[in-house]
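J.: The structure follows.
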Amino acid sequence: MYEEVGTTTEGDLVINVGPQHPATHGVLHLVITLNGETIKKVEPHLGYIHRSIEKMCESLTYRQFIYVTSRMDYLSSHINNHACALCVEKGLQVEIPPRAQVIRILMDELTRIASHELWWGAMAMDLGAFTPFFHAFRERESINDIMEETCGARLTMNYMVPGGVMQDIHPNFQKRVKDFLVQYKKKIREYDELVTGNIIFQNRMKGIGYLSPEDAISYGCTGPTARGSGVSSDIRKIYPYEIYDKLEFDEVLETAGDSFARYMVRIREMQQSIRIIEQLIDNIPEGDFQAKTKAVLKLPKGEFYTRVETARGELGVYIVSEGGTTPYRIKFRSPGFSNLSVLDHIARGSKIGDLVAMMGTLDLVIPDIDR
Amino acid sequence: MTNEELKIKITELLPEATFDESGEWITVNMEPQSWLSFARQLRSDDTLFFDYLFCLTCIDWKTHLTMVYHLSSTRYRHNMVVKTKLDRNKPEIETVSHIWRTAEFHEREVYEMFGVNFLNHPDLRLLILPDGWEGKNPLRKDFEDPINMIRL
């Protein structure tokens with residue numbers, strides 16, 4: 001099967017990383033052509049966890065299909081649900097009660113912190129530091145506990161439905177989030193002391209996997225991957241949804257374009273998420289948590305597209321409706337798919353040992369790529 | 001640019017294009033033959049500057065296939081949708097992977113899922129489906145798999 005690697009010449013070594021490999025965080029298969037230690041080509045082979053979610057959704061109703069989308073990017077499941085709910089609401093032209101909007105944003109930002117936590121721990125582990133993984137999971141666990149109380153789930157939340165959220169927040173929610181923030185603000189300083197300032201860590205990240213702003217746009221990179229190259233791509237700022245335009249937070253940009261810049265974007269983004277949560281947690285408006293919608297939802301004939309910012313970048317939901325109770329065609333533009341496509345470009349010419357640092361800072365979630 | 005300004009500008013570039021303004025963004029319908037030169041103009045024109053292809057997909061309408069390109073400009077923040085009809089029995093269109101590099105992976109996905117042949121694509125192989133996959137394209141409407149049931 002290796003004849004298909006076009007550039008292979010005599011003396012080149014072709015190695016397989018994955019499908020089962022700890023550094024790929026899932027079932028991703030990379031065929032890497034090496035000349036000595038230098039990477040000549042990286043070819044991703046996908047599909048080991050392809051479930052054809054797009055086809056499945058064609059036979060599910062607008063209330064049902066949201067549950068499948070939690071399984072795409074399982075670390076941002078709230079935000080996936082949010083995107084789908086927004087798209088259906090756009091078709092139905094429903095007004096969402098203010099309480100639901102605020103709850104949704106709180107959940108999104110908690111998810112973003114949890115997702116970046118997991119990335120931080122896993123990436124440090126890829127680079128050989130085992131302790132950060134435990135620190136990260138301790139914090140992530142607190143968020144999962146808060147989620148569990150309100151949503152009843154820890155990973156696949158399925159909490160956001162067309163019209164609002166499924167049920168009201170748990171009475172403990174506000175208190176527990178505030179307690180968490182007090183703890184977390186201390187901990188986030190610990191991260192910098194433990195990892196960010198570490199000279200070995202910095203040497204392994206700085207100047208590795210350079211991505212220019214033009215390439216980042218051309219390859220469709222979004223989220224922290226693009227923002228590490230100085231490309232402004234935060235959907236919350238550019239095309240605000242819900243009440244993001246009324247909130248105070250900064251779009252985090254770094255200009256170096258290397259792995260360390262992408263790392264710093266995510267670390268600083270967690271602090272911005274804290275800012276957003278602090279603005280909202282004491283100001284959850286009273287009222288309904290769900291707008292009144294019909295039992296059977298029917299979208300008018302037409303096309304609807306929504307874009308939201310997940311922890312990995314821009315998620316697009318494209319629904320083509322023929323006026324029935326199920327979508328005619330649905331397309332998920334997943335951020336991971338585009339971010340992965342840049343791996344070959346940034347890895348060429350670097351050493352094989354640096355590949356893990358590059359993959360780590362792209363923050364790949366395989367079910368999100370395969371769908 | 002607003003939708004109206006885009007419409008005037010696109011009419012200058014491509015007089016035979018038709019427009020659909022029912023959606024959020026302006027939709028341009030066009031013939032597949034002129035897609036490559038039109039795409040180059042969209043990318044290079046200084047007032048349009050569509051440098052970001054944020055979604056590329058295909059829809060099977062049973063009688064024909066429709067390619068859908070969602071374009072955005074990171075400089076001007078305007079968006080546009082381009083649609084073109086393809087023959088269902090012999091779908092062919094020029095690749096745009098050298099204009100927007102993200103199209104390379106997205107076109108490979110559409111190639112295996114819908115069977116659209118992208119002319120001059122640098123590496124048109126299966127991406128998600130397993131090696132040696134033969135037969136029908138899974139996202140077409142007439143695809144049925146009795147063993148791995150996808151429909152409920």
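Every chain in the structure tokens has a letter given in the order shown (A, B, ...), and although residue numbers restart at 1 in each chain, ligands are simply numbered from 1 in the order shown.
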Which residues, written as a PDB file with C-alpha atoms, in the first residue's frame, have at least one atom at most 7 Å from region 47-60 of chain B, with only C-alpha atoms counted and residues fewer than 6 positions away on the same chain left out?
T.:
ATOM      1  CA  ILE A 217      -6.795  31.108   6.429  1.00  0.00           C
ATOM      2  CA  SER A 218      -6.201  29.132   3.262  1.00  0.00           C
ATOM      3  CA  GLY A 220      -9.450  26.844   6.892  1.00  0.00           C
ATOM      4  CA  ARG A 329     -29.384  17.134   4.126  1.00  0.00           C
ATOM      5  CA  ARG A 333     -18.342  21.766   9.149  1.00  0.00           C
TER       6      ARG A 333
ATOM      7  CA  THR B  66     -25.527  20.481  -6.261  1.00  0.00           C
ATOM      8  CA  MET B  67     -22.105  21.603  -5.126  1.00  0.00           C
ATOM      9  CA  VAL B  68     -22.289  24.266  -2.412  1.00  0.00           C
ATOM     10  CA  TYR B  69     -19.353  26.533  -1.577  1.00  0.00           C
ATOM     11  CA  HIS B  70     -19.586  28.894   1.406  1.00  0.00           C
ATOM     12  CA  LEU B  71     -17.108  31.726   1.065  1.00  0.00           C
ATOM     13  CA  SER B  72     -16.066  34.413   3.466  1.00  0.00           C
ATOM     14  CA  SER B  73     -13.641  37.298   3.448  1.00  0.00           C
ATOM     15  CA  THR B  74     -11.455  37.771   6.502  1.00  0.00           C
ATOM     16  CA  TRP B 100      -8.173  27.454  -1.048  1.00  0.00           C
ATOM     17  CA  HIS B 106     -13.177  18.646   1.729  1.00  0.00           C
ATOM     18  CA  VAL B 110     -17.214  14.826  -1.283  1.00  0.00           C
ATOM     19  CA  ARG B 140     -26.283   9.679  -1.920  1.00  0.00           C
ATOM     20  CA  LYS B 141     -29.979   9.247  -1.339  1.00  0.00           C
TER      21      LYS B 141
END
J.: Show which residues sit within 12 Å of Phe130 (chain A), as a PyMOL selection string. Count only C-alpha atoms, and ignore same-chain residues fewer than 5 positions away.
T.: chain A and resi 120-125+135-137+194-195
J.: Please extract the residues of region 31-214 of chain A with a backbone DSSP assignment of helix (DSSP H, G or I) and present them as a PDB file with C-alpha atoms, in the first residue's frame.
T.:
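Final output, part.pdb:
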ATOM      1  CA  ILE A  53     -23.618  11.206  11.566  1.00  0.00           C
ATOM      2  CA  GLU A  54     -24.730  13.342   8.614  1.00  0.00           C
ATOM      3  CA  LYS A  55     -26.582  10.422   7.035  1.00  0.00           C
ATOM      4  CA  MET A  56     -28.030   9.368  10.382  1.00  0.00           C
ATOM      5  CA  CYS A  57     -29.410  12.855  10.964  1.00  0.00           C
ATOM      6  CA  PHE A  65     -30.763  14.773  15.883  1.00  0.00           C
ATOM      7  CA  ILE A  66     -29.249  17.023  18.529  1.00  0.00           C
ATOM      8  CA  TYR A  67     -28.506  13.996  20.710  1.00  0.00           C
ATOM      9  CA  VAL A  68     -26.270  12.511  18.029  1.00  0.00           C
ATOM     10  CA  THR A  69     -24.209  15.659  17.727  1.00  0.00           C
ATOM     11  CA  TYR A  74     -17.353  15.032  22.838  1.00  0.00           C
ATOM     12  CA  LEU A  75     -15.285  17.614  24.715  1.00  0.00           C
ATOM     13  CA  SER A  76     -17.480  20.466  23.486  1.00  0.00           C
ATOM     14  CA  SER A  77     -20.781  18.637  23.538  1.00  0.00           C
ATOM     15  CA  HIS A  78     -22.690  21.614  24.952  1.00  0.00           C
ATOM     16  CA  ILE A  79     -21.432  23.809  22.144  1.00  0.00           C
ATOM     17  CA  ASN A  80     -22.319  21.239  19.479  1.00  0.00           C
ATOM     18  CA  ASN A  81     -25.845  21.059  20.867  1.00  0.00           C
ATOM     19  CA  HIS A  82     -25.926  24.823  20.990  1.00  0.00           C
ATOM     20  CA  ALA A  83     -25.012  25.133  17.320  1.00  0.00           C
ATOM     21  CA  CYS A  84     -27.724  22.696  16.260  1.00  0.00           C
ATOM     22  CA  ALA A  85     -30.333  24.303  18.493  1.00  0.00           C
ATOM     23  CA  LEU A  86     -29.465  27.721  17.063  1.00  0.00           C
ATOM     24  CA  CYS A  87     -29.793  26.435  13.524  1.00  0.00           C
ATOM     25  CA  VAL A  88     -33.220  24.926  14.178  1.00  0.00           C
ATOM     26  CA  GLU A  89     -34.310  28.117  15.961  1.00  0.00           C
ATOM     27  CA  LYS A  90     -33.162  30.157  13.000  1.00  0.00           C
ATOM     28  CA  GLY A  91     -35.489  28.120  10.814  1.00  0.00           C
ATOM     29  CA  LEU A  92     -38.382  28.293  13.264  1.00  0.00           C
ATOM     30  CA  PRO A  98     -33.128  35.642  28.292  1.00  0.00           C
ATOM     31  CA  ARG A  99     -32.682  33.131  31.064  1.00  0.00           C
ATOM     32  CA  ALA A 100     -31.996  30.352  28.578  1.00  0.00           C
ATOM     33  CA  GLN A 101     -29.514  32.499  26.692  1.00  0.00           C
ATOM     34  CA  VAL A 102     -27.492  33.175  29.813  1.00  0.00           C
ATOM     35  CA  ILE A 103     -27.575  29.549  30.930  1.00  0.00           C
ATOM     36  CA  ARG A 104     -26.393  28.493  27.494  1.00  0.00           C
ATOM     37  CA  ILE A 105     -23.427  30.832  27.538  1.00  0.00           C
ATOM     38  CA  LEU A 106     -22.484  29.782  31.063  1.00  0.00           C
ATOM     39  CA  MET A 107     -22.515  26.158  29.991  1.00  0.00           C
ATOM     40  CA  ASP A 108     -20.535  26.921  26.826  1.00  0.00           C
ATOM     41  CA  GLU A 109     -17.803  28.687  28.715  1.00  0.00           C
ATOM     42  CA  LEU A 110     -17.596  26.022  31.418  1.00  0.00           C
ATOM     43  CA  THR A 111     -17.262  23.488  28.602  1.00  0.00           C
ATOM     44  CA  ARG A 112     -14.516  25.540  27.020  1.00  0.00           C
ATOM     45  CA  ILE A 113     -12.564  25.552  30.264  1.00  0.00           C
ATOM     46  CA  ALA A 114     -13.066  21.808  30.713  1.00  0.00           C
ATOM     47  CA  SER A 115     -11.965  21.123  27.157  1.00  0.00           C
ATOM     48  CA  HIS A 116      -8.870  23.291  27.389  1.00  0.00           C
ATOM     49  CA  GLU A 117      -8.088  21.617  30.714  1.00  0.00           C
ATOM     50  CA  LEU A 118      -8.085  18.212  29.139  1.00  0.00           C
ATOM     51  CA  TRP A 119      -6.002  19.457  26.234  1.00  0.00           C
ATOM     52  CA  TRP A 120      -3.474  21.003  28.587  1.00  0.00           C
ATOM     53  CA  GLY A 121      -3.031  17.857  30.625  1.00  0.00           C
ATOM     54  CA  ALA A 122      -2.913  15.549  27.642  1.00  0.00           C
ATOM     55  CA  MET A 123      -0.483  17.729  25.734  1.00  0.00           C
ATOM     56  CA  ALA A 124       1.916  17.995  28.636  1.00  0.00           C
ATOM     57  CA  MET A 125       1.720  14.225  28.954  1.00  0.00           C
ATOM     58  CA  ASP A 126       2.590  13.845  25.270  1.00  0.00           C
ATOM     59  CA  THR A 131       1.950  15.400  36.647  1.00  0.00           C
ATOM     60  CA  PRO A 132      -0.015  18.119  34.761  1.00  0.00           C
ATOM     61  CA  PHE A 133      -2.455  15.474  33.623  1.00  0.00           C
ATOM     62  CA  PHE A 134      -3.598  14.886  37.197  1.00  0.00           C
ATOM     63  CA  HIS A 135      -3.818  18.602  37.926  1.00  0.00           C
ATOM     64  CA  ALA A 136      -5.902  19.185  34.823  1.00  0.00           C
ATOM     65  CA  PHE A 137      -8.255  16.328  35.528  1.00  0.00           C
ATOM     66  CA  ARG A 138      -8.817  17.482  39.089  1.00  0.00           C
ATOM     67  CA  GLU A 139     -10.185  20.791  37.795  1.00  0.00           C
ATOM     68  CA  ARG A 140     -12.077  19.175  34.966  1.00  0.00           C
ATOM     69  CA  GLU A 141     -13.716  16.840  37.441  1.00  0.00           C
ATOM     70  CA  SER A 142     -15.194  19.787  39.371  1.00  0.00           C
ATOM     71  CA  ILE A 143     -16.756  21.113  36.167  1.00  0.00           C
ATOM     72  CA  ASN A 144     -18.102  17.672  35.315  1.00  0.00           C
ATOM     73  CA  ASP A 145     -19.687  17.448  38.755  1.00  0.00           C
ATOM     74  CA  ILE A 146     -21.400  20.813  38.248  1.00  0.00           C
ATOM     75  CA  MET A 147     -22.654  19.663  34.845  1.00  0.00           C
ATOM     76  CA  GLU A 148     -23.838  16.360  36.201  1.00  0.00           C
ATOM     77  CA  GLU A 149     -26.035  18.058  38.764  1.00  0.00           C
ATOM     78  CA  THR A 150     -27.822  20.183  36.189  1.00  0.00           C
ATOM     79  CA  CYS A 151     -27.717  18.079  33.016  1.00  0.00           C
ATOM     80  CA  PHE A 173     -25.503  25.656  40.359  1.00  0.00           C
ATOM     81  CA  GLN A 174     -24.598  29.267  41.059  1.00  0.00           C
ATOM     82  CA  LYS A 175     -22.953  28.553  44.378  1.00  0.00           C
ATOM     83  CA  ARG A 176     -20.897  25.674  43.025  1.00  0.00           C
ATOM     84  CA  VAL A 177     -19.712  27.619  39.987  1.00  0.00           C
ATOM     85  CA  LYS A 178     -18.617  30.482  42.205  1.00  0.00           C
ATOM     86  CA  ASP A 179     -16.761  28.114  44.524  1.00  0.00           C
ATOM     87  CA  PHE A 180     -15.119  26.557  41.507  1.00  0.00           C
ATOM     88  CA  LEU A 181     -13.971  29.918  40.162  1.00  0.00           C
ATOM     89  CA  VAL A 182     -12.339  30.863  43.466  1.00  0.00           C
ATOM     90  CA  GLN A 183     -10.384  27.615  43.414  1.00  0.00           C
ATOM     91  CA  TYR A 184      -9.653  27.693  39.742  1.00  0.00           C
ATOM     92  CA  LYS A 185      -8.155  31.179  39.678  1.00  0.00           C
ATOM     93  CA  LYS A 186      -5.494  30.001  42.098  1.00  0.00           C
ATOM     94  CA  LYS A 187      -4.879  26.863  40.090  1.00  0.00           C
ATOM     95  CA  ILE A 188      -4.433  28.575  36.754  1.00  0.00           C
ATOM     96  CA  ARG A 189      -1.416  30.411  38.185  1.00  0.00           C
ATOM     97  CA  GLU A 190      -0.054  27.054  39.247  1.00  0.00           C
ATOM     98  CA  TYR A 191      -0.119  25.911  35.628  1.00  0.00           C
ATOM     99  CA  ASP A 192       2.178  28.678  34.556  1.00  0.00           C
ATOM    100  CA  GLU A 193       4.606  27.853  37.320  1.00  0.00           C
ATOM    101  CA  LEU A 194       4.452  24.156  36.575  1.00  0.00           C
ATOM    102  CA  VAL A 195       4.581  24.079  32.776  1.00  0.00           C
ATOM    103  CA  THR A 196       4.500  27.376  30.895  1.00  0.00           C
ATOM    104  CA  ILE A 199      12.588  25.926  29.900  1.00  0.00           C
ATOM    105  CA  ILE A 200      12.550  22.337  28.536  1.00  0.00           C
ATOM    106  CA  PHE A 201       8.910  22.734  27.663  1.00  0.00           C
ATOM    107  CA  GLN A 202       9.490  26.076  25.954  1.00  0.00           C
ATOM    108  CA  ASN A 203      12.393  24.715  23.926  1.00  0.00           C
ATOM    109  CA  ARG A 204      10.213  21.916  22.657  1.00  0.00           C
ATOM    110  CA  MET A 205       7.469  24.329  21.623  1.00  0.00           C
ATOM    111  CA  PRO A 213      -1.468  33.719   8.813  1.00  0.00           C
ATOM    112  CA  GLU A 214      -2.093  33.321   5.069  1.00  0.00           C
TER     113      GLU A 214
END
J.: Chain A near chain B within 9 Å: what's each residue's closest atom pair and its distance in Å to one decimal, counting only C-alpha atoms, ordered by chain then ascending residue number, as a Markdown table?
T.:
| residue | atom | partner | partner_atom | distance |
| --- | --- | --- | --- | --- |
| A:Pro44 | CA | B:Leu127 | CA | 8.2 |
| A:His45 | CA | B:Leu127 | CA | 6.1 |
| A:Leu46 | CA | B:Ile128 | CA | 4.8 |
| A:Gly47 | CA | B:Ile128 | CA | 4.1 |
| A:Tyr48 | CA | B:Ile128 | CA | 7.7 |
| A:His50 | CA | B:Ile128 | CA | 7.1 |
| A:Arg51 | CA | B:Ile150 | CA | 8.4 |
| A:Ser52 | CA | B:Ile150 | CA | 7.6 |
| A:Ile53 | CA | B:Ile150 | CA | 8.7 |
| A:Glu54 | CA | B:Leu139 | CA | 8.0 |
| A:Lys55 | CA | B:Leu139 | CA | 6.2 |
| A:Met56 | CA | B:Ile150 | CA | 5.6 |
| A:Cys57 | CA | B:Arg151 | CA | 8.7 |
| A:Glu58 | CA | B:Arg151 | CA | 8.0 |
| A:Ser59 | CA | B:Arg151 | CA | 6.0 |
| A:Leu60 | CA | B:Leu152 | CA | 7.8 |
| A:Glu214 | CA | B:Asp51 | CA | 8.8 |
| A:Asp215 | CA | B:Arg101 | CA | 8.1 |
| A:Ile217 | CA | B:Tyr52 | CA | 5.8 |
| A:Ser218 | CA | B:Trp100 | CA | 5.0 |
| A:Tyr219 | CA | B:Thr102 | CA | 4.1 |
| A:Gly220 | CA | B:Thr102 | CA | 5.3 |
| A:Cys221 | CA | B:Thr102 | CA | 8.3 |
| A:Val231 | CA | B:Thr74 | CA | 8.6 |
| A:Ser232 | CA | B:Thr74 | CA | 8.1 |
| A:Ser233 | CA | B:Thr74 | CA | 8.2 |
| A:Ile238 | CA | B:Arg77 | CA | 8.1 |
| A:Gly302 | CA | B:Gly23 | CA | 7.5 |
| A:Glu303 | CA | B:Gly23 | CA | 6.7 |
| A:Phe304 | CA | B:Gly23 | CA | 7.4 |
| A:Tyr305 | CA | B:Glu24 | CA | 8.2 |
| A:Glu314 | CA | B:Phe54 | CA | 8.8 |
| A:Gly316 | CA | B:Cys55 | CA | 7.8 |
| A:Tyr318 | CA | B:Cys55 | CA | 8.9 |
| A:Val320 | CA | B:Ile59 | CA | 8.6 |
| A:Tyr328 | CA | B:Ile59 | CA | 8.9 |
| A:Arg329 | CA | B:Ile59 | CA | 6.8 |
| A:Ile330 | CA | B:Ile59 | CA | 9.0 |
| A:Lys331 | CA | B:Thr57 | CA | 7.4 |
| A:Phe332 | CA | B:Cys55 | CA | 8.8 |
| A:Arg333 | CA | B:Cys55 | CA | 6.1 |
| A:Phe337 | CA | B:Phe105 | CA | 8.1 |
| A:Ser338 | CA | B:Thr102 | CA | 6.3 |
| A:Ser341 | CA | B:Phe105 | CA | 6.7 |
| A:Val342 | CA | B:Thr102 | CA | 8.2 |
| A:Asp370 | CA | B:Ile128 | CA | 7.0 |
J.: So that I have them on file, write out the residues from the current selection with C-alpha atoms, as a compact mmCIF listing (two decimals), in the first residue's frame.
T.:
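What follows is the written file again10.txt:
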# COMPACT_ATOMS: atom_id res chain seq x y z
CA PRO A 44 -3.62 11.26 7.68
CA HIS A 45 -5.88 8.24 7.14
CA LEU A 46 -9.24 8.87 8.72
CA GLY A 47 -12.45 7.02 9.26
CA TYR A 48 -11.71 4.61 12.09
CA HIS A 50 -16.68 7.37 11.21
CA ARG A 51 -20.35 6.87 12.08
CA SER A 52 -21.87 8.80 9.23
CA ILE A 53 -23.62 11.21 11.57
CA GLU A 54 -24.73 13.34 8.61
CA LYS A 55 -26.58 10.42 7.04
CA MET A 56 -28.03 9.37 10.38
CA CYS A 57 -29.41 12.85 10.96
CA GLU A 58 -31.35 12.70 7.70
CA SER A 59 -33.73 10.21 9.27
CA LEU A 60 -33.98 11.87 12.68
CA GLU A 214 -2.09 33.32 5.07
CA ASP A 215 -1.78 29.53 5.27
CA ILE A 217 -6.79 31.11 6.43
CA SER A 218 -6.20 29.13 3.26
CA TYR A 219 -6.27 25.81 5.12
CA GLY A 220 -9.45 26.84 6.89
CA CYS A 221 -7.86 26.76 10.34
CA VAL A 231 -5.73 35.50 12.49
CA SER A 232 -8.79 36.99 14.11
CA SER A 233 -11.31 34.15 13.90
CA ILE A 238 -17.10 38.47 14.54
CA GLY A 302 -34.90 26.54 2.66
CA GLU A 303 -31.35 26.51 3.94
CA PHE A 304 -30.04 27.49 7.34
CA TYR A 305 -26.45 27.90 8.43
CA GLU A 314 -15.57 27.27 14.09
CA GLY A 316 -20.81 25.20 11.12
CA TYR A 318 -25.81 23.58 7.52
CA VAL A 320 -31.19 21.94 4.01
CA TYR A 328 -33.12 16.73 3.83
CA ARG A 329 -29.38 17.13 4.13
CA ILE A 330 -27.25 18.20 7.02
CA LYS A 331 -23.59 19.10 6.98
CA PHE A 332 -21.33 19.65 9.96
CA ARG A 333 -18.34 21.77 9.15
CA PHE A 337 -11.22 18.36 10.05
CA SER A 338 -9.73 21.58 8.68
CA SER A 341 -5.42 19.16 7.09
CA VAL A 342 -2.70 21.65 7.99
CA ASP A 370 -14.45 11.69 11.33
J.: Could you check the closest approach to Tyr239 (chain A) for each of A:Ala261, A:Ile96, A:Thr255, A:Arg307 and tell me which residue wins, using only C-alpha atoms?
T.: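 Of A:Ala261, A:Ile96, A:Thr255, A:Arg307, the one nearest Tyr239 (chain A), counting only C-alpha atoms, is A:Arg307.
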J.: Mind checking which residues fall within 10 Å of Gly257 (chain A), counting only C-alpha atoms, ignoring those fewer than 2 positions away in the same chain, and posting them as a compact mmCIF listing (two decimals) with C-alpha atoms, in the first residue's frame?
T.:
# COMPACT_ATOMS: atom_id res chain seq x y z
CA LYS A 206 9.03 27.55 20.40
CA GLY A 207 9.65 27.73 16.69
CA ILE A 208 8.04 24.29 16.18
CA GLY A 209 5.29 23.89 13.61
CA TYR A 210 5.25 27.39 12.22
CA LEU A 211 2.00 28.37 10.51
CA SER A 212 1.75 31.66 8.64
CA PRO A 213 -1.47 33.72 8.81
CA ALA A 216 -3.97 29.44 8.36
CA THR A 225 -4.88 27.22 15.86
CA ALA A 226 -5.61 30.28 13.70
CA ARG A 227 -5.42 32.75 16.56
CA GLY A 228 -1.92 31.53 17.38
CA SER A 229 -0.94 32.84 13.95
CA GLY A 230 -2.61 36.18 14.56
CA VAL A 231 -5.73 35.50 12.49
CA GLU A 254 -0.74 35.59 19.49
CA THR A 255 1.43 36.37 16.50
CA SER A 259 3.28 25.65 18.86
CA PHE A 260 4.01 27.82 21.86
CA ALA A 261 1.76 30.59 20.52
CA ARG A 262 -1.10 28.13 20.11
J.: Using only C-alpha atoms, which protein or nucleic acid residues come within 9 Å of Thr2 (chain B)? Drop anything in the same chain fewer than 4 positions from it, and give the result as number ranges by chain.
T.: B: 6-7, 78
J.: Can you write out the residues you just picked, keeping C-alpha atoms, as a tab-separated table (two decimals), in the first residue's frame?
T.:
chain	number	residue	atom	x	y	z
B	6	LEU	CA	-21.97	41.94	-4.05
B	7	LYS	CA	-24.75	41.29	-6.53
B	78	HIS	CA	-18.78	39.49	3.93
J.: Tell me which protein, DNA and RNA residues are within 7 Å of Glu112 (chain B), counting only C-alpha atoms, leaving out same-chain ones fewer than 3 positions away, and put them as a compact mmCIF listing (two decimals) with N, CA and C atoms, in the first residue's frame.
T.:
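Final output, around31.txt:
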# COMPACT_ATOMS: atom_id res chain seq x y z
N ARG B 108 -11.93 15.67 -1.17
CA ARG B 108 -11.76 14.22 -1.05
C ARG B 108 -12.96 13.61 -0.34
N GLU B 109 -13.49 14.31 0.63
CA GLU B 109 -14.66 13.80 1.35
C GLU B 109 -15.87 13.75 0.41
N GLY B 115 -19.29 10.77 -4.94
CA GLY B 115 -18.78 10.33 -6.22
C GLY B 115 -18.52 11.45 -7.22
N LEU B 126 -9.53 7.90 -1.44
CA LEU B 126 -10.47 7.77 -0.33
C LEU B 126 -9.83 8.35 0.93
N ASN B 137 -21.83 5.45 -3.21
CA ASN B 137 -21.37 6.55 -2.38
C ASN B 137 -22.36 6.78 -1.24
J.: Which parts of region 253-311 of chain A does DSSP call strand (DSSP E) when run on the backbone here, written out as a list of chain:residue names?
T.: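 Those residues are A:Gly302, A:Glu303, A:Phe304, A:Tyr305, A:Thr306, A:Arg307, A:Val308, A:Glu309.
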J.: Ser37 (chain B): which residues within 12 Å, counting only C-alpha atoms, same-chain residues fewer than 6 positions away excluded, as a list in words?
T.: Leu13, Leu14, Glu31, Arg43, Ser44, Asp45, Glu94, Thr95, Val96 and Ile99 of chain B
J.: Selection from above, N, CA and C atoms, as a PDB file, in the first residue's frame, can you write it?
T.:
ATOM      1  N   LEU B  13     -18.668  40.430 -13.127  1.00  0.00           N
ATOM      2  CA  LEU B  13     -17.692  39.363 -13.357  1.00  0.00           C
ATOM      3  C   LEU B  13     -18.291  38.220 -14.161  1.00  0.00           C
ATOM      4  N   LEU B  14     -19.543  37.893 -13.866  1.00  0.00           N
ATOM      5  CA  LEU B  14     -20.161  36.701 -14.453  1.00  0.00           C
ATOM      6  C   LEU B  14     -21.601  37.047 -14.850  1.00  0.00           C
ATOM      7  N   GLU B  31     -22.933  27.855 -13.810  1.00  0.00           N
ATOM      8  CA  GLU B  31     -22.609  26.624 -14.513  1.00  0.00           C
ATOM      9  C   GLU B  31     -21.233  26.123 -14.063  1.00  0.00           C
ATOM     10  N   ARG B  43     -11.183  35.041  -5.388  1.00  0.00           N
ATOM     11  CA  ARG B  43     -10.063  35.044  -4.440  1.00  0.00           C
ATOM     12  C   ARG B  43      -9.161  36.254  -4.654  1.00  0.00           C
ATOM     13  N   SER B  44      -8.908  36.630  -5.913  1.00  0.00           N
ATOM     14  CA  SER B  44      -7.865  37.627  -6.160  1.00  0.00           C
ATOM     15  C   SER B  44      -8.412  39.056  -6.243  1.00  0.00           C
ATOM     16  N   ASP B  45      -9.687  39.226  -6.562  1.00  0.00           N
ATOM     17  CA  ASP B  45     -10.236  40.577  -6.691  1.00  0.00           C
ATOM     18  C   ASP B  45     -10.115  41.340  -5.364  1.00  0.00           C
ATOM     19  N   GLU B  94     -14.052  21.250 -11.737  1.00  0.00           N
ATOM     20  CA  GLU B  94     -12.637  21.557 -11.498  1.00  0.00           C
ATOM     21  C   GLU B  94     -12.377  21.711 -10.005  1.00  0.00           C
ATOM     22  N   THR B  95     -11.212  21.260  -9.580  1.00  0.00           N
ATOM     23  CA  THR B  95     -10.845  21.429  -8.174  1.00  0.00           C
ATOM     24  C   THR B  95     -10.466  22.891  -7.895  1.00  0.00           C
ATOM     25  N   VAL B  96     -10.656  23.307  -6.649  1.00  0.00           N
ATOM     26  CA  VAL B  96     -10.194  24.635  -6.250  1.00  0.00           C
ATOM     27  C   VAL B  96      -9.178  24.518  -5.123  1.00  0.00           C
ATOM     28  N   ILE B  99      -6.499  27.064  -4.859  1.00  0.00           N
ATOM     29  CA  ILE B  99      -6.912  28.427  -4.508  1.00  0.00           C
ATOM     30  C   ILE B  99      -7.152  28.513  -3.004  1.00  0.00           C
TER      31      ILE B  99
END
J.: Would you please work out which residue, of A:Pro97, A:Asn158, A:Ala129, A:Leu364, is nearest to Glu286 (chain A) when using only C-alpha atoms?
T.: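 Once distances to Glu286 (chain A) are computed over only C-alpha atoms, the minimum belongs to A:Pro97.
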J.: Neighbouring residues of region 11-17 of chain A were defined as those with any atom within 7 Å, considering only C-alpha atoms; residues of the same chain fewer than 6 positions away were excluded. Please report them as a PDB file with C-alpha atoms, in the first residue's frame.
T.:
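Final output, saved to out_8.pdb:
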ATOM      1  CA  HIS A  29      -3.696   6.807  11.506  1.00  0.00           C
ATOM      2  CA  LEU A  30      -0.754   8.817  10.210  1.00  0.00           C
ATOM      3  CA  VAL A  31       1.531   7.435   7.513  1.00  0.00           C
ATOM      4  CA  ILE A  32       4.787   9.335   7.875  1.00  0.00           C
ATOM      5  CA  THR A  33       7.560   9.352   5.288  1.00  0.00           C
ATOM      6  CA  LEU A  34      10.924  10.009   6.888  1.00  0.00           C
ATOM      7  CA  ASN A  35      14.362  10.770   5.576  1.00  0.00           C
TER       8      ASN A  35
END
J.: Return the single residue from A:Gly353, A:Pro240, A:Pro300, A:Pro19 that is closest to Ile319 (chain A), with distances computed using only C-alpha atoms.
T.: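 Smallest separation from Ile319 (chain A) among the options: A:Pro300.
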J.: Pick out the closest residue to Ile169 (chain A) from this set: A:Ala357, A:Leu28, A:Met264, A:Ile284. Count only C-alpha atoms.
T.: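 So, comparing all the options, the nearest one is A:Ile284.
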J.: Taking only C-alpha atoms into account, name the residue in A:Leu362, A:Val308, A:Leu355, A:Ile49 that is nearest to Val27 (chain A).
T.: A:Ile49
J.: Between B:Phe38, B:Glu5, B:Glu16, B:Phe118, which has the minimum distance to Val82 (chain B) (counting only C-alpha atoms)?
T.: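 Ranked by minimum distance to Val82 (chain B), first place goes to B:Phe38.
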